[in-house]
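Colleague: entry_23.tsv is reproduced below (TSV, C-alpha atoms).
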chain	number	residue	atom	x	y	z
A	1	MET	CA	102.19	-99.92	74.16
A	2	ILE	CA	103.63	-101.84	71.22
A	3	LYS	CA	106.72	-99.64	71.26
A	4	LEU	CA	107.16	-100.28	74.99
A	5	LYS	CA	106.96	-104.04	74.44
A	6	SER	CA	109.57	-103.80	71.71
A	7	VAL	CA	111.93	-101.86	73.96
A	8	LEU	CA	111.50	-104.35	76.79
A	9	LEU	CA	112.08	-107.20	74.36
A	10	LYS	CA	115.33	-105.59	73.26
A	11	ILE	CA	116.45	-105.33	76.89
A	12	CYS	CA	115.66	-109.01	77.47
A	13	CYS	CA	117.67	-109.99	74.39
A	14	SER	CA	120.73	-108.20	75.72
A	15	SER	CA	120.33	-109.96	79.09
A	16	LEU	CA	120.08	-113.50	77.73
A	17	GLN	CA	123.71	-114.44	78.21
A	18	ASP	CA	123.22	-116.98	80.98
A	19	LEU	CA	120.35	-119.46	80.59
A	20	SER	CA	120.60	-120.33	84.27
A	21	PHE	CA	118.95	-116.95	84.94
A	22	LEU	CA	115.48	-118.49	84.86
A	23	ALA	CA	113.46	-115.29	85.05
A	24	VAL	CA	115.04	-113.60	82.03
A	25	LYS	CA	114.31	-116.37	79.54
A	26	HIS	CA	110.69	-116.59	80.65
A	27	VAL	CA	110.29	-112.83	80.47
A	28	PHE	CA	111.87	-112.90	77.01
A	29	SER	CA	109.50	-115.65	75.87
A	30	TRP	CA	106.44	-113.85	77.21
A	31	MET	CA	107.44	-110.52	75.69
A	32	LEU	CA	108.24	-112.15	72.35
A	33	VAL	CA	104.79	-113.67	71.89
A	34	GLN	CA	103.18	-110.33	72.74
A	35	VAL	CA	104.88	-108.55	69.84
A	36	GLU	CA	103.21	-108.91	66.46
A	37	ARG	CA	103.81	-107.45	63.02
A	38	PRO	CA	105.41	-105.15	62.06
A	39	CYS	CA	107.44	-104.55	65.22
A	40	LEU	CA	108.77	-108.09	65.49
A	41	THR	CA	110.18	-107.88	61.97
A	42	GLU	CA	112.30	-104.91	63.01
A	43	TYR	CA	113.83	-106.90	65.88
A	44	LEU	CA	114.25	-110.22	64.08
A	45	GLU	CA	118.04	-110.03	64.23
A	46	LYS	CA	117.76	-109.47	67.98
A	47	VAL	CA	115.19	-112.13	68.89
A	48	PHE	CA	116.18	-114.98	66.56
A	49	PRO	CA	119.63	-115.81	68.05
A	50	PRO	CA	118.39	-115.92	71.68
A	51	SER	CA	115.43	-118.10	70.67
A	52	LEU	CA	117.76	-120.46	68.84
A	53	LEU	CA	120.14	-120.48	71.81
A	54	ILE	CA	117.38	-121.39	74.27
A	55	SER	CA	116.07	-124.16	72.01
A	56	ASP	CA	119.56	-125.66	71.78
A	57	ASP	CA	119.96	-125.99	75.55
A	58	TYR	CA	120.42	-129.47	77.01
A	59	ARG	CA	117.52	-129.05	79.45
A	60	THR	CA	114.16	-130.15	78.09
A	61	GLU	CA	112.22	-127.24	79.56
A	62	ASN	CA	114.57	-124.80	77.85
A	63	LYS	CA	114.30	-126.62	74.53
A	64	VAL	CA	110.51	-126.45	74.69
A	65	LEU	CA	110.59	-122.77	75.62
A	66	GLY	CA	113.00	-121.98	72.79
A	67	VAL	CA	110.93	-123.85	70.21
A	68	HIS	CA	107.82	-121.96	71.33
A	69	CYS	CA	109.73	-118.74	70.66
A	70	LEU	CA	110.90	-119.97	67.26
A	71	HIS	CA	107.38	-121.05	66.37
A	72	HIS	CA	106.08	-117.56	67.07
A	73	ILE	CA	108.81	-116.13	64.83
A	74	VAL	CA	107.90	-118.59	62.07
A	75	LEU	CA	104.21	-117.70	62.23
A	76	ILE	CA	104.73	-113.95	62.41
A	77	VAL	CA	107.92	-113.13	60.54
A	78	VAL	CA	109.32	-115.89	58.35
A	79	SER	CA	108.24	-115.49	54.74
A	80	GLN	CA	111.49	-116.55	53.09
A	81	PRO	CA	113.31	-119.90	53.24
A	82	SER	CA	115.32	-120.36	56.42
A	83	GLN	CA	117.58	-123.38	56.08
A	84	VAL	CA	119.38	-122.58	59.33
A	85	LEU	CA	116.15	-122.77	61.27
A	86	TYR	CA	115.02	-125.85	59.35
A	87	HIS	CA	118.18	-127.81	60.21
A	88	ALA	CA	118.09	-126.60	63.82
A	89	LEU	CA	114.53	-127.84	64.26
A	90	PHE	CA	115.12	-131.06	62.33
A	91	SER	CA	118.02	-131.95	64.63
A	92	HIS	CA	115.60	-132.00	67.58
A	93	LEU	CA	113.72	-134.90	65.97
A	94	HIS	CA	116.58	-137.21	66.94
A	95	THR	CA	115.69	-136.96	70.62
A	96	SER	CA	114.11	-139.86	72.50
A	97	GLU	CA	111.86	-137.56	74.55
A	98	ALA	CA	108.23	-137.07	73.62
A	99	VAL	CA	107.78	-133.53	74.94
A	100	PRO	CA	110.31	-131.78	72.64
A	101	ILE	CA	109.07	-133.67	69.59
A	102	GLN	CA	105.50	-132.66	70.34
A	103	VAL	CA	106.40	-128.96	70.12
A	104	VAL	CA	109.04	-129.27	67.38
A	105	LEU	CA	106.93	-131.04	64.74
A	106	PRO	CA	104.13	-128.42	64.45
A	107	CYS	CA	106.77	-125.68	64.29
A	108	LEU	CA	108.76	-127.57	61.67
A	109	LEU	CA	105.67	-128.19	59.54
A	110	ASP	CA	104.73	-124.50	59.60
A	111	LEU	CA	108.27	-123.62	58.57
A	112	VAL	CA	108.40	-126.18	55.77
A	113	SER	CA	105.15	-124.74	54.40
A	114	VAL	CA	106.94	-121.49	53.54
A	115	LEU	CA	110.15	-123.02	52.21
A	116	GLU	CA	110.88	-122.78	48.50
A	117	LYS	CA	110.26	-126.45	47.71
A	118	PRO	CA	107.87	-127.86	50.36
A	119	PRO	CA	107.57	-131.38	48.85
A	120	VAL	CA	111.30	-132.02	49.27
A	121	HIS	CA	111.36	-130.99	52.91
A	122	PHE	CA	108.05	-132.67	53.68
A	123	ASP	CA	109.43	-135.88	52.18
A	124	ASN	CA	112.49	-135.67	54.43
A	125	VAL	CA	110.39	-135.05	57.54
A	126	LEU	CA	107.94	-137.84	56.72
A	127	ARG	CA	110.68	-140.37	55.96
A	128	HIS	CA	112.34	-139.55	59.27
A	129	ILE	CA	109.07	-139.86	61.20
A	130	LEU	CA	108.08	-143.14	59.54
A	131	THR	CA	111.51	-144.62	60.28
A	132	HIS	CA	111.21	-143.76	63.96
A	133	MET	CA	107.59	-144.89	64.11
A	134	GLU	CA	108.52	-148.34	62.82
A	135	MET	CA	111.14	-148.84	65.53
A	136	GLU	CA	109.53	-146.97	68.44
A	137	HIS	CA	108.28	-148.92	71.46
A	138	LYS	CA	107.74	-146.12	73.98
A	139	LEU	CA	104.03	-145.46	74.31
A	140	ASP	CA	104.33	-141.68	74.77
A	141	LEU	CA	106.47	-141.31	71.65
A	142	ARG	CA	104.17	-143.55	69.62
A	143	CYS	CA	101.25	-141.32	70.59
A	144	VAL	CA	103.13	-138.15	69.63
A	145	TYR	CA	104.24	-139.57	66.28
A	146	ALA	CA	100.77	-140.88	65.42
A	147	LYS	CA	99.10	-137.59	66.33
A	148	ASN	CA	101.47	-135.52	64.22
A	149	LEU	CA	101.38	-137.96	61.31
A	150	VAL	CA	97.87	-136.70	60.57
A	151	LEU	CA	99.19	-133.13	60.30
A	152	ILE	CA	101.97	-134.20	57.95
A	153	ILE	CA	99.55	-136.04	55.67
A	154	GLU	CA	97.25	-133.01	55.55
A	155	ARG	CA	100.12	-130.67	54.66
A	156	MET	CA	101.57	-132.97	51.99
A	157	GLY	CA	98.30	-133.59	50.20
A	158	ILE	CA	98.34	-135.83	47.15
A	159	VAL	CA	102.15	-136.06	47.32
A	160	ILE	CA	101.59	-138.59	50.11
A	161	ILE	CA	101.09	-141.26	47.42
A	162	HIS	CA	104.89	-141.46	47.08
A	163	HIS	CA	105.04	-142.93	50.58
A	164	LEU	CA	102.00	-145.22	50.57
A	165	LYS	CA	103.92	-148.49	50.99
A	166	ARG	CA	105.79	-147.39	54.11
A	167	LEU	CA	102.76	-145.53	55.41
A	168	GLU	CA	100.62	-148.65	55.10
A	169	ARG	CA	103.22	-150.70	56.97
A	170	VAL	CA	103.32	-148.18	59.83
A	171	ILE	CA	99.53	-147.85	60.05
A	172	VAL	CA	99.02	-151.62	60.17
A	173	GLY	CA	101.77	-151.99	62.76
A	174	TYR	CA	100.21	-149.39	65.04
A	175	LEU	CA	96.75	-150.90	64.72
A	176	GLU	CA	98.06	-154.34	65.69
A	177	VAL	CA	99.78	-153.19	68.90
A	178	SER	CA	97.67	-152.38	71.94
A	179	ASP	CA	98.25	-149.03	73.64
A	180	ALA	CA	95.81	-149.41	76.53
A	181	PRO	CA	94.12	-147.84	78.33
A	182	GLU	CA	93.42	-144.64	76.33
A	183	LYS	CA	94.18	-146.14	72.90
A	184	GLU	CA	95.47	-142.70	71.90
A	185	ALA	CA	97.99	-143.98	69.36
A	186	ARG	CA	95.42	-146.23	67.70
A	187	LEU	CA	92.86	-143.44	67.51
A	188	SER	CA	95.40	-141.10	65.95
A	189	ILE	CA	96.62	-143.70	63.47
A	190	LEU	CA	93.01	-144.31	62.40
A	191	ASP	CA	92.71	-140.58	61.78
A	192	ALA	CA	95.86	-140.83	59.67
A	193	LEU	CA	94.37	-143.75	57.72
A	194	GLN	CA	91.15	-141.84	57.11
A	195	LYS	CA	93.05	-138.76	55.96
A	196	THR	CA	95.20	-140.89	53.64
A	197	LEU	CA	92.13	-142.44	52.03
A	198	GLN	CA	90.53	-139.03	51.56
A	199	ILE	CA	93.62	-137.59	49.92
A	200	ALA	CA	95.12	-140.51	47.99
A	201	TRP	CA	92.03	-142.01	46.36
A	202	PRO	CA	92.69	-140.18	43.03
A	203	ARG	CA	95.66	-142.52	42.62
A	204	VAL	CA	93.15	-145.33	42.01
A	205	LEU	CA	91.46	-143.16	39.39
A	206	ARG	CA	94.78	-142.64	37.66
A	207	PHE	CA	95.27	-146.39	37.71
A	208	LEU	CA	91.94	-146.79	35.90
A	209	VAL	CA	92.97	-144.27	33.27
A	210	ASP	CA	96.34	-145.97	32.79
A	211	ILE	CA	94.80	-149.42	32.48
A	212	SER	CA	92.19	-148.25	29.97
A	213	SER	CA	94.93	-147.03	27.64
A	214	GLU	CA	97.21	-150.07	27.96
A	215	SER	CA	97.29	-152.90	25.44
A	216	LEU	CA	96.14	-155.76	27.63
A	217	PRO	CA	93.97	-158.81	27.02
A	218	THR	CA	90.32	-157.81	27.31
A	219	GLN	CA	89.56	-160.17	30.21
A	220	LEU	CA	92.59	-159.04	32.22
A	221	LYS	CA	91.78	-155.38	31.63
A	222	GLU	CA	88.20	-155.87	32.81
A	223	GLN	CA	89.39	-157.67	35.94
A	224	LEU	CA	91.82	-154.89	36.83
A	225	MET	CA	89.26	-152.17	36.21
A	226	THR	CA	86.61	-154.06	38.15
A	227	GLN	CA	88.81	-154.41	41.21
A	228	ALA	CA	89.93	-150.78	41.08
A	229	SER	CA	86.34	-149.59	40.64
A	230	HIS	CA	85.21	-151.66	43.61
A	231	CYS	CA	87.90	-149.99	45.72
A	232	LEU	CA	86.51	-146.59	44.79
A	233	LEU	CA	82.95	-147.71	45.45
A	234	LEU	CA	84.02	-149.00	48.85
A	235	LEU	CA	85.60	-145.63	49.67
A	236	ASP	CA	82.41	-143.90	48.61
A	237	HIS	CA	80.41	-146.15	50.90
A	238	CYS	CA	82.77	-145.54	53.82
A	239	SER	CA	82.59	-141.78	53.27
A	240	LYS	CA	78.76	-141.93	53.27
A	241	GLY	CA	78.44	-140.83	49.67
A	242	LYS	CA	80.81	-137.86	49.74
A	243	LEU	CA	82.57	-139.22	46.67
A	244	GLN	CA	79.32	-139.84	44.83
A	245	VAL	CA	79.71	-137.04	42.29
A	246	ARG	CA	83.26	-138.03	41.50
A	247	MET	CA	82.29	-141.68	41.38
A	248	THR	CA	79.57	-140.90	38.83
A	249	ILE	CA	82.15	-139.32	36.55
A	250	ILE	CA	84.44	-142.30	37.01
A	251	ILE	CA	81.71	-144.83	36.27
A	252	LEU	CA	80.65	-142.93	33.14
A	253	TYR	CA	84.24	-142.97	31.98
A	254	ILE	CA	84.55	-146.69	32.63
A	255	GLU	CA	81.33	-147.36	30.74
A	256	SER	CA	82.63	-145.34	27.81
A	257	CYS	CA	85.54	-147.79	27.70
A	258	GLY	CA	83.18	-150.70	27.33
A	259	TYR	CA	82.95	-151.79	30.98
A	260	ARG	CA	79.57	-152.49	32.58
A	261	ARG	CA	79.06	-153.13	36.26
A	262	LYS	CA	77.28	-156.36	37.00
The structure given in the file should be rewritten as structure tokens.

Modeller:
Amino acid sequence: MIKLKSVLLKICCSSLQDLSFLAVKHVFSWMLVQVERPCLTEYLEKVFPPSLLISDDYRTENKVLGVHCLHHIVLIVVSQPSQVLYHALFSHLHTSEAVPIQVVLPCLLDLVSVLEKPPVHFDNVLRHILTHMEMEHKLDLRCVYAKNLVLIIERMGIVIIHHLKRLERVIVGYLEVSDAPEKEARLSILDALQKTLQIAWPRVLRFLVDISSESLPTQLKEQLMTQASHCLLLLDHCSKGKLQVRMTIIILYIESCGYRRK
């Protein structure tokens, strides 16, 4: 059965010369997602160009179909850096339509995860998204950006601290603007805020460590450490005690430096 699917897929690839032939591209897409490892690897040179061709079409439905095909290839086959695919997908982020961006971003994030230096590519994607989020007024695009921002933050992890200033500006801006009636953008941006707090809180701990080793006036040092410690305690309260163990270690460290909570 797998061999039959592979043969049919090869036939579809050879027939994809004219994208106006609606049936062929849909048959190709369906057959492609049916083929798993290791057969798809053998036909990568056959299926990748047609998928890229479909995704580069000017019609939105073809772009979406092509990106779905590319996403399947990324999940099943790609284990080595593919700069060609990265740049092809990244170029789709310049569109002003919400539907293509919604399918491109998850595919792009999965691809970036297997690239040689993920932080560099994640930084580029996040900077691009934040720039568009700051200027975007279309409700559907704001919802798409906010929803996928959570995924980007999760994938980047602690590296997100490099973008905290811009991220804070975007989050505050989205919370201040109403997106009635579903409030989808606001709900998603709150998820992004929660994820940022969960991931980036160690940056406050590092601040405590840095301050404790700096040569500062005693009163100023205590004020800085008090404020930073209160931030961590507030996060612990908001997370319903999930940071309690870590907070205990932090407080013990602070006390060893001569600080006592009042």

Colleague: Box for stretch 148-160 of chain A - axis-aligned, 5 Å on each of the six sides, all listed atoms - centre and size in Å to one decimal, as lines of an AutoDock Vina configuration file.

Modeller:
center_x = 99.7
center_y = -134.6
center_z = 55.7
size_x = 14.9
size_y = 17.9
size_z = 27.1

Colleague: Quick check, in Å to one decimal: how far apart do atom CA of A:Glu61 and atom CA of A:Phe90 lie?

Modeller: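 These atoms are spaced 17.9 Å apart.
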
Colleague: Using all atoms listed in the file for the distances, tell me which of A:Gly157, A:Ile101, A:Met133, A:Lys138 is nearest to A:Gly173.

Modeller: A:Met133

Colleague: Work out how far atom CA of A:Val172 is from atom CA of A:Leu235, in Å to one decimal.

Modeller: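 Atom CA of A:Leu235 sits 18.1 Å away from atom CA of A:Val172.
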
Colleague: Near stretch 145-152 of chain A, within 10 Å and counting all atoms listed in the file, which residues show up once chain neighbours fewer than 6 positions away are dropped, as a ChimeraX atom specification?

Modeller: /A:98,101-102,105-106,109,122-123,125-126,129-130,132-133,136,139,160,167,170-171,174,184-196

Colleague: With only C-alpha atoms as the atoms that count, which of A:His94, A:Arg127, A:Lys183, A:Arg59 lies nearest to A:Arg166?

Modeller: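 Nearest candidate to A:Arg166 out of A:His94, A:Arg127, A:Lys183, A:Arg59: A:Arg127.
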
Colleague: Mind giving me the straight-line distance from atom CA of A:Leu70 to atom CA of A:Val112 in Å, one decimal?

Modeller: 13.3 Å
